[in-house]
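Colleague: Provided herewith: coords.tsv, TSV, C-alpha atoms and all ligand atoms.
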```
chain	number	residue	atom	x	y	z
A	1	MET	CA	98.12	38.55	-29.57
A	2	SER	CA	99.69	39.42	-32.94
A	3	LYS	CA	99.48	42.97	-34.22
A	4	ARG	CA	96.67	43.84	-36.59
A	5	ALA	CA	97.72	43.85	-40.25
A	6	ASP	CA	97.54	47.24	-41.92
A	7	ILE	CA	93.77	47.31	-42.35
A	8	PRO	CA	91.90	50.61	-42.70
A	9	GLU	CA	89.29	51.15	-39.93
A	10	SER	CA	86.50	51.01	-42.54
A	11	LYS	CA	87.51	47.43	-43.38
A	12	VAL	CA	87.44	46.20	-39.79
A	13	ILE	CA	84.45	43.92	-39.11
A	14	PRO	CA	83.26	44.62	-35.56
A	15	PHE	CA	82.19	41.74	-33.38
A	16	SER	CA	78.93	43.40	-32.46
A	17	ALA	CA	77.18	46.67	-33.30
A	18	PRO	CA	73.77	47.96	-32.21
A	19	SER	CA	71.31	48.61	-35.03
A	20	LEU	CA	69.98	52.10	-34.35
A	21	GLY	CA	68.29	54.23	-36.98
A	22	GLU	CA	66.23	57.36	-37.51
A	23	ASP	CA	63.15	55.79	-35.89
A	24	GLU	CA	65.05	55.38	-32.62
A	25	VAL	CA	66.36	58.96	-32.89
A	26	ARG	CA	62.81	60.25	-33.45
A	27	ALA	CA	61.40	58.25	-30.54
A	28	VAL	CA	64.01	59.61	-28.13
A	29	ALA	CA	63.51	63.17	-29.40
A	30	GLU	CA	59.73	62.84	-28.96
A	31	ALA	CA	60.17	61.55	-25.41
A	32	LEU	CA	62.40	64.51	-24.60
A	33	ARG	CA	60.02	67.03	-26.21
A	34	SER	CA	57.03	65.61	-24.37
A	35	GLY	CA	58.86	65.63	-21.04
A	36	ALA	CA	58.61	61.83	-20.69
A	37	VAL	CA	61.97	61.38	-19.01
A	38	GLY	CA	61.22	59.89	-15.58
A	39	GLY	CA	61.52	56.29	-14.45
A	40	ASP	CA	58.57	53.88	-14.74
A	41	GLY	CA	56.67	56.59	-16.62
A	42	PRO	CA	53.86	56.25	-19.18
A	43	LEU	CA	56.13	55.07	-22.03
A	44	GLY	CA	57.83	52.45	-19.86
A	45	LYS	CA	54.55	51.20	-18.43
A	46	ALA	CA	53.00	50.87	-21.90
A	47	LEU	CA	56.10	49.08	-23.21
A	48	ALA	CA	56.15	46.66	-20.25
A	49	LEU	CA	52.53	45.72	-21.01
A	50	ARG	CA	53.28	45.32	-24.70
A	51	MET	CA	56.32	43.16	-23.97
A	52	GLY	CA	54.29	40.96	-21.64
A	53	GLU	CA	51.59	40.46	-24.29
A	54	ARG	CA	54.19	39.82	-26.99
A	55	PHE	CA	55.96	37.05	-25.06
A	56	GLY	CA	53.11	35.63	-23.00
A	57	ILE	CA	54.46	36.89	-19.68
A	58	ARG	CA	51.96	38.12	-17.05
A	59	HIS	CA	54.12	40.75	-15.36
A	60	VAL	CA	57.01	42.82	-16.73
A	61	LEU	CA	58.99	45.56	-14.98
A	62	LEU	CA	61.58	47.40	-17.07
A	63	THR	CA	64.91	47.72	-15.25
A	64	PRO	CA	68.28	49.44	-15.89
A	65	SER	CA	69.88	46.05	-16.77
A	66	ALA	CA	69.47	42.28	-16.47
A	67	THR	CA	71.85	42.54	-13.52
A	68	HIS	CA	69.24	44.67	-11.73
A	69	ALA	CA	66.43	42.30	-12.76
A	70	LEU	CA	68.30	39.33	-11.25
A	71	GLU	CA	69.16	41.26	-8.07
A	72	LEU	CA	65.50	42.17	-7.76
A	73	ALA	CA	64.46	38.53	-8.30
A	74	LEU	CA	66.82	37.29	-5.59
A	75	GLN	CA	65.45	39.87	-3.16
A	76	VAL	CA	61.87	38.85	-4.04
A	77	ALA	CA	62.88	35.22	-3.42
A	78	ASP	CA	64.13	36.36	-0.01
A	79	ILE	CA	67.52	34.77	-0.54
A	80	GLY	CA	69.79	35.57	2.42
A	81	PRO	CA	72.91	34.61	4.37
A	82	ASP	CA	73.44	30.85	4.73
A	83	ASP	CA	71.51	30.22	1.51
A	84	GLU	CA	73.08	28.66	-1.57
A	85	VAL	CA	72.17	29.47	-5.15
A	86	VAL	CA	73.23	27.25	-8.05
A	87	LEU	CA	74.38	28.79	-11.34
A	88	PRO	CA	76.72	28.01	-14.21
A	89	SER	CA	80.36	29.01	-13.86
A	90	PHE	CA	80.28	29.62	-17.62
A	91	THR	CA	78.13	32.75	-17.36
A	92	PHE	CA	78.30	36.48	-16.85
A	93	VAL	CA	79.73	37.69	-13.55
A	94	SER	CA	76.59	39.71	-12.67
A	95	VAL	CA	74.73	36.53	-11.86
A	96	ALA	CA	77.21	35.51	-9.17
A	97	ASN	CA	77.35	39.08	-7.86
A	98	ALA	CA	73.57	39.16	-7.52
A	99	VAL	CA	73.85	36.12	-5.22
A	100	LEU	CA	76.71	37.66	-3.20
A	101	ARG	CA	74.76	40.87	-2.74
A	102	ARG	CA	72.15	38.88	-0.80
A	103	GLY	CA	74.91	37.54	1.46
A	104	ALA	CA	74.34	34.07	-0.05
A	105	ARG	CA	76.83	31.65	-1.59
A	106	PRO	CA	77.06	31.05	-5.35
A	107	VAL	CA	77.51	27.34	-6.12
A	108	PHE	CA	78.71	26.46	-9.59
A	109	ALA	CA	77.29	23.56	-11.58
A	110	GLU	CA	78.62	21.93	-14.73
A	111	ILE	CA	77.32	22.70	-18.23
A	112	SER	CA	76.38	20.34	-21.09
A	113	ASP	CA	79.14	19.88	-23.62
A	114	ALA	CA	76.66	20.07	-26.51
A	115	THR	CA	74.55	23.14	-25.70
A	116	LEU	CA	76.65	24.96	-23.04
A	117	ASP	CA	73.75	25.46	-20.63
A	118	LEU	CA	73.41	23.87	-17.16
A	119	ASP	CA	73.59	20.09	-17.47
A	120	PRO	CA	70.35	18.78	-15.94
A	121	ASP	CA	71.99	15.40	-15.32
A	122	ARG	CA	74.65	17.04	-13.12
A	123	LEU	CA	72.50	19.62	-11.36
A	124	GLU	CA	71.52	17.60	-8.31
A	125	GLU	CA	75.17	16.84	-7.52
A	126	VAL	CA	75.48	20.36	-6.09
A	127	VAL	CA	72.05	20.74	-4.47
A	128	THR	CA	72.22	20.68	-0.65
A	129	PRO	CA	69.65	21.36	2.09
A	130	ARG	CA	70.80	25.02	1.91
A	131	THR	CA	70.03	25.42	-1.80
A	132	ARG	CA	67.21	27.92	-2.33
A	133	ALA	CA	67.35	28.67	-6.05
A	134	VAL	CA	68.94	27.80	-9.38
A	135	ILE	CA	69.70	30.39	-12.09
A	136	PRO	CA	70.00	28.66	-15.49
A	137	ALA	CA	70.87	30.72	-18.58
A	138	HIS	CA	70.01	30.28	-22.28
A	139	TYR	CA	73.46	30.33	-23.85
A	140	GLY	CA	73.51	32.22	-27.13
A	141	GLY	CA	69.72	32.56	-27.20
A	142	VAL	CA	69.11	28.80	-27.54
A	143	GLY	CA	66.52	27.64	-25.00
A	144	ALA	CA	67.97	25.59	-22.13
A	145	PRO	CA	66.06	22.48	-20.91
A	146	MET	CA	63.84	24.45	-18.53
A	147	GLU	CA	61.36	21.58	-18.13
A	148	ARG	CA	64.15	19.41	-16.70
A	149	TYR	CA	65.34	22.13	-14.30
A	150	GLN	CA	61.77	22.80	-13.22
A	151	GLU	CA	61.15	19.14	-12.52
A	152	ILE	CA	64.30	18.98	-10.35
A	153	ALA	CA	63.56	22.30	-8.63
A	154	GLY	CA	59.99	21.21	-7.88
A	155	ARG	CA	61.24	17.98	-6.33
A	156	GLN	CA	63.93	19.79	-4.32
A	157	GLY	CA	61.66	22.68	-3.26
A	158	ILE	CA	63.85	25.40	-4.79
A	159	ARG	CA	63.04	28.32	-7.07
A	160	VAL	CA	64.03	28.67	-10.73
A	161	ILE	CA	65.22	32.16	-11.66
A	162	GLU	CA	65.60	32.16	-15.43
A	163	ASP	CA	68.51	34.18	-16.77
A	164	ALA	CA	67.02	35.10	-20.14
A	165	ALA	CA	69.55	37.93	-20.66
A	166	GLN	CA	70.41	36.44	-24.07
A	167	GLY	CA	67.02	34.81	-24.69
A	168	LEU	CA	64.56	37.48	-25.79
A	169	GLY	CA	62.45	36.46	-28.78
A	170	ALA	CA	63.60	32.81	-28.77
A	171	ARG	CA	61.39	29.81	-28.02
A	172	ARG	CA	61.66	26.33	-26.62
A	173	GLY	CA	58.86	23.87	-27.36
A	174	GLY	CA	56.91	26.79	-28.83
A	175	ARG	CA	57.09	28.80	-25.58
A	176	TRP	CA	58.91	32.12	-25.35
A	177	LEU	CA	62.02	32.19	-23.18
A	178	GLY	CA	61.60	34.37	-20.10
A	179	GLY	CA	58.22	32.81	-19.32
A	180	PHE	CA	59.43	29.56	-17.76
A	181	GLY	CA	61.00	30.42	-14.41
A	182	ASP	CA	59.37	31.63	-11.20
A	183	MET	CA	61.06	34.87	-12.22
A	184	ALA	CA	63.32	35.84	-15.11
A	185	GLY	CA	65.40	38.66	-16.55
A	186	PHE	CA	65.99	40.05	-20.05
A	187	SER	CA	68.95	42.24	-21.03
A	188	PHE	CA	68.94	45.18	-23.44
A	189	HIS	CA	72.67	45.86	-23.15
A	190	GLU	CA	74.32	47.29	-26.26
A	191	THR	CA	75.58	43.83	-27.29
A	192	LYS	CA	72.13	42.19	-27.15
A	193	ASN	CA	69.75	41.61	-30.08
A	194	LEU	CA	67.51	44.50	-28.97
A	195	THR	CA	69.10	47.33	-27.06
A	196	CYS	CA	68.53	50.67	-25.39
A	197	GLY	CA	72.20	51.02	-24.46
A	198	GLU	CA	71.77	49.62	-20.97
A	199	GLY	CA	68.46	48.10	-19.94
A	200	GLY	CA	66.68	44.99	-18.79
A	201	ALA	CA	63.38	43.57	-17.62
A	202	PHE	CA	62.19	41.61	-14.61
A	203	LEU	CA	59.57	39.03	-15.56
A	204	THR	CA	57.22	36.78	-13.66
A	205	GLN	CA	54.07	34.80	-14.33
A	206	ARG	CA	53.18	34.78	-10.63
A	207	ASP	CA	50.92	37.41	-9.07
A	208	ASP	CA	52.29	36.83	-5.53
A	209	LEU	CA	55.91	37.38	-6.58
A	210	PHE	CA	54.96	40.38	-8.70
A	211	LYS	CA	53.26	42.03	-5.71
A	212	ARG	CA	56.52	41.81	-3.77
A	213	ALA	CA	58.62	42.84	-6.76
A	214	GLU	CA	56.74	46.06	-7.45
A	215	VAL	CA	57.33	47.28	-3.88
A	216	ILE	CA	61.10	46.60	-4.04
A	217	TYR	CA	61.15	48.10	-7.57
A	218	GLU	CA	59.73	51.40	-6.29
A	219	LYS	CA	62.14	52.01	-3.39
A	220	GLY	CA	60.23	49.85	-0.92
A	221	THR	CA	57.02	51.87	-1.29
A	222	ASN	CA	53.49	51.11	-2.44
A	223	ARG	CA	53.75	53.76	-5.18
A	224	SER	CA	52.49	51.31	-7.83
A	225	GLN	CA	49.34	50.65	-5.80
A	226	PHE	CA	48.89	54.41	-5.37
A	227	PHE	CA	49.01	54.94	-9.16
A	228	ARG	CA	46.42	52.19	-9.63
A	229	GLY	CA	44.19	54.06	-7.15
A	230	GLU	CA	44.32	51.23	-4.61
A	231	VAL	CA	45.65	53.45	-1.78
A	232	ASP	CA	45.19	57.23	-1.31
A	233	LYS	CA	48.87	58.03	-0.62
A	234	TYR	CA	52.06	56.08	-0.91
A	235	THR	CA	54.55	55.30	1.78
A	236	TRP	CA	57.49	53.13	2.80
A	237	ILE	CA	56.36	49.55	3.44
A	238	GLY	CA	59.57	47.49	3.23
A	239	PRO	CA	63.17	47.27	2.02
A	240	GLY	CA	63.62	48.28	-1.61
A	241	GLY	CA	65.82	49.86	-4.22
A	242	SER	CA	65.52	51.91	-7.39
A	243	TYR	CA	65.13	49.49	-10.27
A	244	VAL	CA	63.22	51.64	-12.76
A	245	LEU	CA	64.16	52.47	-16.37
A	246	SER	CA	63.91	56.04	-17.68
A	247	ASP	CA	61.18	56.73	-20.26
A	248	ILE	CA	63.87	58.10	-22.61
A	249	LEU	CA	65.33	54.61	-22.87
A	250	ALA	CA	61.90	52.97	-22.93
A	251	ALA	CA	61.08	55.11	-26.00
A	252	LEU	CA	64.17	53.79	-27.76
A	253	LEU	CA	63.50	50.20	-26.69
A	254	GLY	CA	59.92	50.34	-27.98
A	255	VAL	CA	61.22	50.95	-31.50
A	256	GLN	CA	63.67	48.07	-31.16
A	257	LEU	CA	60.84	45.75	-30.13
A	258	ASP	CA	58.88	46.80	-33.24
A	259	ARG	CA	61.93	45.85	-35.31
A	260	MET	CA	62.58	42.50	-33.64
A	261	GLU	CA	61.49	40.27	-36.56
A	262	ALA	CA	63.61	42.20	-39.05
A	263	LEU	CA	66.63	42.24	-36.74
A	264	HIS	CA	66.34	38.53	-36.06
A	265	ALA	CA	65.90	37.72	-39.74
A	266	ALA	CA	69.12	39.61	-40.50
A	267	ARG	CA	70.99	37.76	-37.75
A	268	ARG	CA	69.59	34.43	-38.90
A	269	ARG	CA	70.83	35.02	-42.42
A	270	VAL	CA	74.37	35.58	-41.14
A	271	PHE	CA	74.17	32.58	-38.79
A	272	GLU	CA	73.00	30.23	-41.55
A	273	ARG	CA	75.63	31.43	-43.97
A	274	TYR	CA	78.34	30.78	-41.34
A	275	GLN	CA	76.87	27.35	-40.66
A	276	ALA	CA	76.88	26.40	-44.34
A	277	GLY	CA	80.19	28.12	-45.11
A	278	LEU	CA	82.08	26.39	-42.29
A	279	SER	CA	80.52	22.95	-42.72
A	280	ASP	CA	83.53	21.61	-44.68
A	281	LEU	CA	85.85	22.55	-41.81
A	282	ALA	CA	83.47	20.78	-39.41
A	283	ARG	CA	83.41	17.66	-41.62
A	284	GLU	CA	87.19	17.66	-41.68
A	285	GLY	CA	87.19	17.71	-37.84
A	286	LYS	CA	88.94	21.08	-37.70
A	287	LEU	CA	86.18	22.71	-35.66
A	288	GLN	CA	82.73	22.04	-34.21
A	289	LEU	CA	79.62	24.03	-35.12
A	290	PRO	CA	76.95	25.08	-32.60
A	291	VAL	CA	74.22	22.59	-31.70
A	292	ILE	CA	70.59	23.72	-31.81
A	293	PRO	CA	68.18	21.11	-30.41
A	294	ASP	CA	65.07	20.50	-32.60
A	295	VAL	CA	62.82	21.79	-29.84
A	296	CYS	CA	64.51	25.24	-29.95
A	297	GLU	CA	63.82	28.26	-32.14
A	298	PRO	CA	66.81	30.48	-31.31
A	299	ASN	CA	67.16	34.23	-31.64
A	300	TRP	CA	70.56	33.94	-33.37
A	301	HIS	CA	72.31	35.84	-30.60
A	302	VAL	CA	75.71	34.11	-30.81
A	303	PHE	CA	77.54	32.17	-33.49
A	304	TYR	CA	80.40	30.19	-32.01
A	305	VAL	CA	82.73	27.44	-33.11
A	306	ARG	CA	84.81	25.15	-30.94
A	307	LEU	CA	88.40	24.46	-31.89
A	308	PRO	CA	90.32	21.30	-31.01
A	309	SER	CA	92.51	22.92	-28.31
A	310	GLY	CA	93.02	26.12	-26.36
A	311	GLU	CA	96.25	26.86	-28.26
A	312	GLU	CA	94.47	26.47	-31.59
A	313	ARG	CA	91.63	28.75	-30.46
A	314	ASP	CA	94.13	31.42	-29.36
A	315	ARG	CA	96.00	31.14	-32.66
A	316	VAL	CA	92.82	31.43	-34.77
A	317	LEU	CA	91.50	34.30	-32.64
A	318	ALA	CA	94.75	36.27	-32.96
A	319	GLU	CA	95.02	35.68	-36.71
A	320	MET	CA	91.38	36.61	-37.39
A	321	ARG	CA	91.82	39.83	-35.43
A	322	ARG	CA	95.05	40.55	-37.26
A	323	ARG	CA	92.97	40.41	-40.43
A	324	GLY	CA	90.53	42.96	-38.99
A	325	ILE	CA	87.80	40.43	-38.13
A	326	MET	CA	86.91	40.99	-34.50
A	327	CYS	CA	86.24	37.47	-33.28
A	328	THR	CA	86.23	36.99	-29.53
A	329	PHE	CA	86.21	34.34	-26.78
A	330	HIS	CA	83.41	34.23	-24.21
A	331	PHE	CA	82.93	33.76	-20.46
A	332	VAL	CA	86.04	33.08	-18.43
A	333	PRO	CA	84.88	30.52	-15.81
A	334	LEU	CA	83.80	32.15	-12.57
A	335	HIS	CA	84.85	29.24	-10.36
A	336	SER	CA	88.54	29.50	-11.28
A	337	SER	CA	88.62	33.32	-11.32
A	338	PRO	CA	90.65	35.07	-8.59
A	339	PHE	CA	87.48	35.63	-6.52
A	340	GLY	CA	86.09	32.14	-7.19
A	341	SER	CA	89.26	30.45	-6.00
A	342	ALA	CA	90.35	32.78	-3.17
A	343	GLN	CA	86.91	33.45	-1.66
A	344	LEU	CA	84.80	30.47	-2.70
A	345	GLY	CA	87.46	27.77	-2.61
A	346	TYR	CA	87.14	26.44	-6.16
A	347	ARG	CA	90.10	25.20	-8.19
A	348	GLU	CA	91.03	24.74	-11.80
A	349	GLY	CA	89.89	21.21	-12.67
A	350	ASP	CA	86.65	21.35	-10.60
A	351	LEU	CA	84.45	21.83	-13.70
A	352	PRO	CA	86.25	20.22	-16.64
A	353	VAL	CA	83.53	20.75	-19.29
A	354	THR	CA	83.21	24.44	-18.39
A	355	GLU	CA	86.98	24.89	-18.52
A	356	ALA	CA	87.36	23.10	-21.87
A	357	VAL	CA	84.47	25.04	-23.44
A	358	SER	CA	85.82	28.35	-22.24
A	359	ARG	CA	89.32	27.60	-23.58
A	360	THR	CA	88.23	26.37	-27.02
A	361	LEU	CA	85.24	28.55	-27.92
A	362	LEU	CA	85.49	31.32	-30.49
A	363	ARG	CA	82.65	33.70	-31.38
A	364	LEU	CA	82.39	35.19	-34.86
A	365	PRO	CA	81.02	38.68	-35.59
A	366	LEU	CA	77.22	38.54	-35.58
A	367	HIS	CA	74.94	41.55	-35.88
A	368	ALA	CA	72.23	42.88	-38.16
A	369	GLY	CA	74.60	45.33	-39.87
A	370	LEU	CA	76.88	42.73	-41.47
A	371	THR	CA	76.81	42.77	-45.27
A	372	ASP	CA	76.94	39.68	-47.49
A	373	GLU	CA	80.46	40.74	-48.38
A	374	ASP	CA	81.47	40.89	-44.69
A	375	VAL	CA	80.11	37.40	-44.10
A	376	SER	CA	81.95	36.02	-47.14
A	377	ARG	CA	85.15	37.62	-45.85
A	378	VAL	CA	84.72	36.01	-42.42
A	379	ILE	CA	84.05	32.55	-43.91
A	380	GLU	CA	86.95	32.81	-46.32
A	381	ALA	CA	89.33	33.99	-43.60
A	382	MET	CA	88.22	31.18	-41.25
A	383	GLY	CA	88.96	28.65	-44.00
A	384	GLU	CA	92.43	30.04	-44.56
A	385	VAL	CA	93.31	30.53	-40.91
A	386	VAL	CA	91.98	27.20	-39.65
A	387	ARG	CA	93.74	25.34	-42.49
A	388	GLY	CA	96.87	27.31	-41.59
A	389	ARG	CA	97.34	29.12	-44.89
B	1	LIG	C1	74.00	35.30	-19.44
B	1	LIG	C2	73.97	36.73	-18.98
B	1	LIG	N1	73.42	37.03	-17.80
B	1	LIG	C3	73.36	38.31	-17.36
B	1	LIG	C4	73.87	39.35	-18.10
B	1	LIG	C5	73.80	40.75	-17.54
B	1	LIG	O1	73.10	41.62	-18.39
B	1	LIG	P1	73.19	43.21	-18.21
B	1	LIG	O2	74.43	43.66	-18.90
B	1	LIG	O3	71.94	43.73	-18.85
B	1	LIG	O4	73.23	43.48	-16.75
B	1	LIG	C6	74.45	39.08	-19.34
B	1	LIG	C7	75.03	40.18	-20.14
B	1	LIG	O5	75.94	40.05	-20.87
B	1	LIG	C8	74.50	37.73	-19.80
B	1	LIG	O6	75.05	37.42	-20.98
```
Would you kindly transcribe this structure into structure tokens?

Modeller:
Amino acid sequence: MSKRADIPESKVIPFSAPSLGEDEVRAVAEALRSGAVGGDGPLGKALALRMGERFGIRHVLLTPSATHALELALQVADIGPDDEVVLPSFTFVSVANAVLRRGARPVFAEISDATLDLDPDRLEEVVTPRTRAVIPAHYGGVGAPMERYQEIAGRQGIRVIEDAAQGLGARRGGRWLGGFGDMAGFSFHETKNLTCGEGGAFLTQRDDLFKRAEVIYEKGTNRSQFFRGEVDKYTWIGPGGSYVLSDILAALLGVQLDRMEALHAARRRVFERYQAGLSDLAREGKLQLPVIPDVCEPNWHVFYVRLPSGEERDRVLAEMRRRGIMCTFHFVPLHSSPFGSAQLGYREGDLPVTEAVSRTLLRLPLHAGLTDEDVSRVIEAMGEVVRGR
């Protein structure tokens, strides 16, 4: 990658930046002063209820990350050795790790070239009698075709675990993401639209799955039942882990949830300016803009373009960064990674759409803190760099 031009740090446009203000500082200070620091405490419980009401989800458990939420979901689904779980190769590595941690085998399926989520027309190619679950993701906060996956999963008798790590606050067909699957996970990592540094949520609409989840969530005990007054002491009743979020972080996250509309409006403004500002380049065939199906109301999590070749993407990426504009690529396919090839037997060429998308995709800076001037600078630089000036 070429060296950055002599640009003062104050002129560098970061790829992503959390939006944290005095309200977040006050909320954390109040939590500390009141002694609300434990996991699954009063602040976290109240926030989980509020989040459930906000997004039409019956049960919410706040977790330390989406990774934890997905691990919890796979344990609730009783996934084990000899089972197979289908997921995109073009996704975050945590999803495959969550499958491995159950002793099961991750099986990679192809994505759609238009929307970069699991291709429902290709999904059944990889379903076998051992398949127990599928984990689709909403790439960039644009709702994936959940109704198609659910139809296939219902027919095949497998569970849908919805990876809504990027999907909070977005809708498909008027329904909030996170509420479709048998279980789902949100992420509040520092790069996500709402953040508490590291955090997540386990979600389910189903009472039976929630009953199992809350035991695993609380170290394999019936502590949750005890706090509801359903048993007079709590004890170990099965295998579990510690999946709770501290109230200090829940306090911070509560403020972020209050600010969701404003944060999304700011992101949308940037997204739409990029879309309009780069439309000439798209018309000239120099790049492709993201596709948002009519049925989707996104949360403006990612703005990406696709360049005509991997070499061109690498050139544009290096030149934008040299100008102090921190563009970046995205997921490196899991199937052709060192682990995917050595341990799971995949090869380069097995998933051509995934490989081409990964090689040609470039993400532009997108966060609520970008100024109009920053956005103009990004658009102008893209014009110059892509046209080779
Ligand atoms: C699609 C997807 N799934 C899962 C995760 C894991 O989220 P977390 O960092 O909260 O564990 C991420 C985070 O980047 C993600 O983008």

Colleague: Mind running region 119-155 of chain A against region 73-97 of chain A at 7 Å and telling me each contacting residue's nearest atom pair with the distance in Å (one decimal), counting all atoms listed in the file, chain and number ascending, as CSV?

Modeller:
```
residue,atom,partner,partner_atom,distance
A:Arg130,CA,A:Asp83,CA,5.3
A:Thr131,CA,A:Glu84,CA,4.5
A:Arg132,CA,A:Val85,CA,5.9
A:Ala133,CA,A:Val85,CA,5.0
A:Val134,CA,A:Val86,CA,4.5
A:Ile135,CA,A:Leu87,CA,5.0
A:Pro136,CA,A:Leu87,CA,6.0
```

Colleague: Could you write out that same residue set with C-alpha atoms as an mmCIF file, in the coordinates of the input?

Modeller:
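Result saved to again.cif:
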```cif
data_model
loop_
_atom_site.group_PDB
_atom_site.id
_atom_site.type_symbol
_atom_site.label_atom_id
_atom_site.label_comp_id
_atom_site.auth_asym_id
_atom_site.auth_seq_id
_atom_site.Cartn_x
_atom_site.Cartn_y
_atom_site.Cartn_z
ATOM 1 C CA ARG A 130 70.800 25.020 1.910
ATOM 2 C CA THR A 131 70.030 25.420 -1.800
ATOM 3 C CA ARG A 132 67.210 27.920 -2.330
ATOM 4 C CA ALA A 133 67.350 28.670 -6.050
ATOM 5 C CA VAL A 134 68.940 27.800 -9.380
ATOM 6 C CA ILE A 135 69.700 30.390 -12.090
ATOM 7 C CA PRO A 136 70.000 28.660 -15.490
#
```

Colleague: Kindly work out which residues sit at most 9 Å from ligand LIG 1 (chain B), using all atoms listed in the file, and give the list as a PyMOL selection string.

Modeller: chain A and resi 63-70+90-95+136-140+163-167+185-192+198-201+331

Colleague: Nearest to Leu252 (chain A) among A:Val99, A:Leu194, A:Met382, A:Ala48, with distances taken over only C-alpha atoms: which residue is it?

Modeller: A:Leu194

Colleague: What does the structure give for the distance between CA of Glu53 (chain A) and CA of Ala153 (chain A), in Å to one decimal?

Modeller: 26.8 Å

Colleague: Would you mind reading off the distance between CA of Leu100 (chain A) and CA of Ala250 (chain A), one decimal, in Å?

Modeller: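 Computed distance, CA of Leu100 (chain A) to CA of Ala250 (chain A), equals 29.0 Å.
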
Colleague: Rounded to one decimal place, report the CA of Leu263 (chain A)-CA of Ser19 (chain A) distance in Å.

Modeller: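 Computing the Euclidean distance for CA of Leu263 (chain A) and CA of Ser19 (chain A) yields 8.1 Å.
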
Colleague: Taking all atoms listed in the file into account, name the residue in A:Thr221, A:Gln256, A:Thr328, A:Ser16 that is nearest to Pro239 (chain A).

Modeller: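 With all atoms listed in the file as the atom set, the closest residue is A:Thr221.
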
Colleague: Go through A:Leu257, A:Leu43, A:Val25, A:Val37 and flag the residue nearest Asn193 (chain A), using only C-alpha atoms for the distances.

Modeller: A:Leu257

Colleague: Quick one: of A:Trp176, A:Phe202, A:Tyr274, A:Tyr304, who's nearest to Leu245 (chain A), counting all atoms listed in the file?

Modeller: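 Counting all atoms listed in the file, the residue closest to Leu245 (chain A) is A:Phe202.
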
Colleague: Hey, what's within 12 Å of Arg50 (chain A) if we count all atoms listed in the file and toss same-chain stuff fewer than 2 positions away? As a PyMOL selection string, please?

Modeller: chain A and resi 43-48+52-62+250+253-255+257-258

Colleague: Which one is closest to Ala5 (chain A): A:Ala356, A:Ile152, A:Ala318, A:Leu362? Count all atoms listed in the file.

Modeller: A:Ala318

Colleague: Considering only C-alpha atoms, state which residue in the set A:Arg33, A:Arg4, A:Arg228, A:Lys219 is at the smallest distance from Gly324 (chain A).

Modeller: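 The answer is A:Arg4, which sits nearest to Gly324 (chain A).
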
Colleague: Give the centre and edge lengths of an axis-aligned box, in Å to one decimal, that holds all listed atoms of region 42-57 of chain A with 3 Å on each side, as lines of an AutoDock Vina configuration file.

Modeller:
```
center_x = 54.7
center_y = 45.9
center_z = -22.7
size_x = 12.2
size_y = 26.6
size_z = 14.6
```
